[in-house]
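Structure, as structure tokens:
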Amino acid sequence: SFPTRRFSDLLICTATLIAPRLLLTAAHCLPDGAMPTAHFGSAPGDGGAEVAIAAVRRHPAFDAATLANDLAMALLADDAPAGVTPSPLPPAPLDDGAIGATLRLVGFGRTAADDTAAPRKRAGTATLATLAASELTFTPAPSQTCEGDSGGPAFATVGGVAAIVGVTSSGDAACAASGRDLRVDAYAAAFIAPFVAATSAG
């Protein structure tokens with residue numbers, strides 16, 4: 001699995017804005033204790049906006065040992081910075097026809113298991129390899145997730161929409177062969193949508 005990446009005194013994970021004040025990420029990125037701060041920019045400390053997190057909702061069935069249901073949402077104390085647009089959820093469920101599709105991965109993770117460079121935002125492509133009820137896996141084409149990418153998005157075109165279809169949870173230790181995401185469509189109706197509605201403006 002991918003732990004949160006430590007750089008200096010920062011713990012680095014990745015998240016995706018899905019509503020003006022709501023981030024979607026991995027549950028293991030939001031441990032009990034002090035609330036983290038969300039950074040909007042290309043690298044921590046680059047002068048990008050910092051927004052406090054006011055509340056966290058982890059999936060009630062999250063299992064830290066197995067990373068089952070490794071999904072969470074973080075409510076920002078204020079709206080995201082101007083110009084940052086929320087990513088759409090899938091307009092339709094994935095099916096076996098999606099296998100082989102190109103995924104666009106985004107995250108602040110390492111480029112390899114031995115990478116010690118300062119974290120910065122990167123993007124690359126992978127191929128959707130398998131679909132299970134609540135998870136998907138992907139293989140490099142040529143990119144792969146690594147430590148620090150946890151909680152980050154996998155985007156794919158669904159019904160003509162470039163939507164967030166996966167949330168990074170784990171992968172092989174060498175960050176070379178495969179990755180595992182939670183399927184956003186599997187959690188949208190019962191877990192994600194109710195919190196979006198409950199925290200919407202007004």
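Chain labels A, B, ... are given in the sequence in which chains occur in the structure tokens; within each chain residues are numbered consecutively from 1, and ligands are likewise numbered from 1 in the order shown.
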
**Report entry** Residues near A:Thr85, cut-off 12 Å, only C-alpha atoms, skip fewer than 5 positions along chain, as JSON, numbers by chain
**Finding:** {"A": [16, 17, 18, 19, 20, 21, 22, 23, 40, 79, 80]}

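Taking only chain A, the residues that DSSP calls helix (DSSP H, G or I) from the backbone come to Ala27, His28, Cys29, Asp96, Gly97, Ala98, Val184, Asp185, Ala186, Tyr187, Ala188, Ala189, Ala190, Phe191, Ile192, Ala193, Pro194, Phe195, Val196, Ala197 and Ala198 of chain A.
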
Could you save those same residues with C-alpha atoms as a PDB file, in the first residue's frame?
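Resulting contents of part_34.pdb:
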ATOM      1  CA  ALA A  27      -9.497   7.557   3.967  1.00  0.00           C
ATOM      2  CA  HIS A  28      -5.958   6.588   4.948  1.00  0.00           C
ATOM      3  CA  CYS A  29      -4.876  10.140   4.031  1.00  0.00           C
ATOM      4  CA  ASP A  96     -16.572  -4.228 -18.743  1.00  0.00           C
ATOM      5  CA  GLY A  97     -16.421  -2.174 -21.911  1.00  0.00           C
ATOM      6  CA  ALA A  98     -14.220   0.290 -20.015  1.00  0.00           C
ATOM      7  CA  VAL A 184     -16.120   6.472  -7.676  1.00  0.00           C
ATOM      8  CA  ASP A 185     -19.268   5.220  -9.425  1.00  0.00           C
ATOM      9  CA  ALA A 186     -19.636   2.449  -6.817  1.00  0.00           C
ATOM     10  CA  TYR A 187     -19.752   4.977  -3.962  1.00  0.00           C
ATOM     11  CA  ALA A 188     -21.435   7.940  -5.641  1.00  0.00           C
ATOM     12  CA  ALA A 189     -25.080   7.395  -4.698  1.00  0.00           C
ATOM     13  CA  ALA A 190     -24.804   6.078  -1.142  1.00  0.00           C
ATOM     14  CA  PHE A 191     -21.694   7.817   0.182  1.00  0.00           C
ATOM     15  CA  ILE A 192     -20.544  10.762  -1.933  1.00  0.00           C
ATOM     16  CA  ALA A 193     -23.792  12.399  -3.105  1.00  0.00           C
ATOM     17  CA  PRO A 194     -25.406  12.703   0.354  1.00  0.00           C
ATOM     18  CA  PHE A 195     -22.392  14.582   1.751  1.00  0.00           C
ATOM     19  CA  VAL A 196     -22.230  16.802  -1.324  1.00  0.00           C
ATOM     20  CA  ALA A 197     -25.889  17.702  -0.784  1.00  0.00           C
ATOM     21  CA  ALA A 198     -25.493  18.183   2.971  1.00  0.00           C
TER      22      ALA A 198
END

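Proximity to A:Ile99 at 7 Å, evaluated using only C-alpha atoms and with sequence-adjacent residues fewer than 6 positions away removed, yields Leu128, Ala129 and Thr130 of chain A.
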
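Atom pair atom CA of A:Ala92 / atom CA of A:Thr157 has a distance of 10.6 Å (rounded to one decimal).
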
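Among A:Arg104, A:Lys121, A:Arg183, A:Arg110, the residue with the shortest atom-to-atom distance to A:Gly148, counting only C-alpha atoms, is A:Arg110.
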
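Nearest-residue note for A:Ala162: choosing from A:Ala64, A:Ala54, A:Leu103, A:Ala43, the minimum distance belongs to A:Leu103, counting only C-alpha atoms.
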
Query - Pick from A:Leu11, A:Gly83, A:Asp70, A:Ala117 nearest to A:Val167, counting only C-alpha atoms - result: A:Asp70

Report task. Might you pull out every residue within 6 Å of A:Ser150, with only C-alpha atoms counted and same-chain residues fewer than 2 positions away left off, and present them as an NGL selection string? Result -> :A and (13-14 or 148 or 152 or 168-169)

Those residues you just picked out, can you put them in a file as a PDB file, in the first residue's frame with C-alpha atoms?
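As written to disk, result_4.pdb reads:
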ATOM      1  CA  CYS A  13      -1.383  13.039  -0.169  1.00  0.00           C
ATOM      2  CA  THR A  14      -3.501  14.058  -3.143  1.00  0.00           C
ATOM      3  CA  GLY A 148       2.152  10.578  -2.251  1.00  0.00           C
ATOM      4  CA  GLY A 152      -5.532  11.274  -6.112  1.00  0.00           C
ATOM      5  CA  THR A 168      -5.833   6.028  -5.586  1.00  0.00           C
ATOM      6  CA  SER A 169      -5.483   3.671  -2.626  1.00  0.00           C
TER       7      SER A 169
END

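For A:Pro91, the non-local neighbours within 7 Å, defined as residues at least 2 positions apart in the same chain or in other chains and counting only C-alpha atoms, are Leu89, Val158 and Gly159 of chain A.
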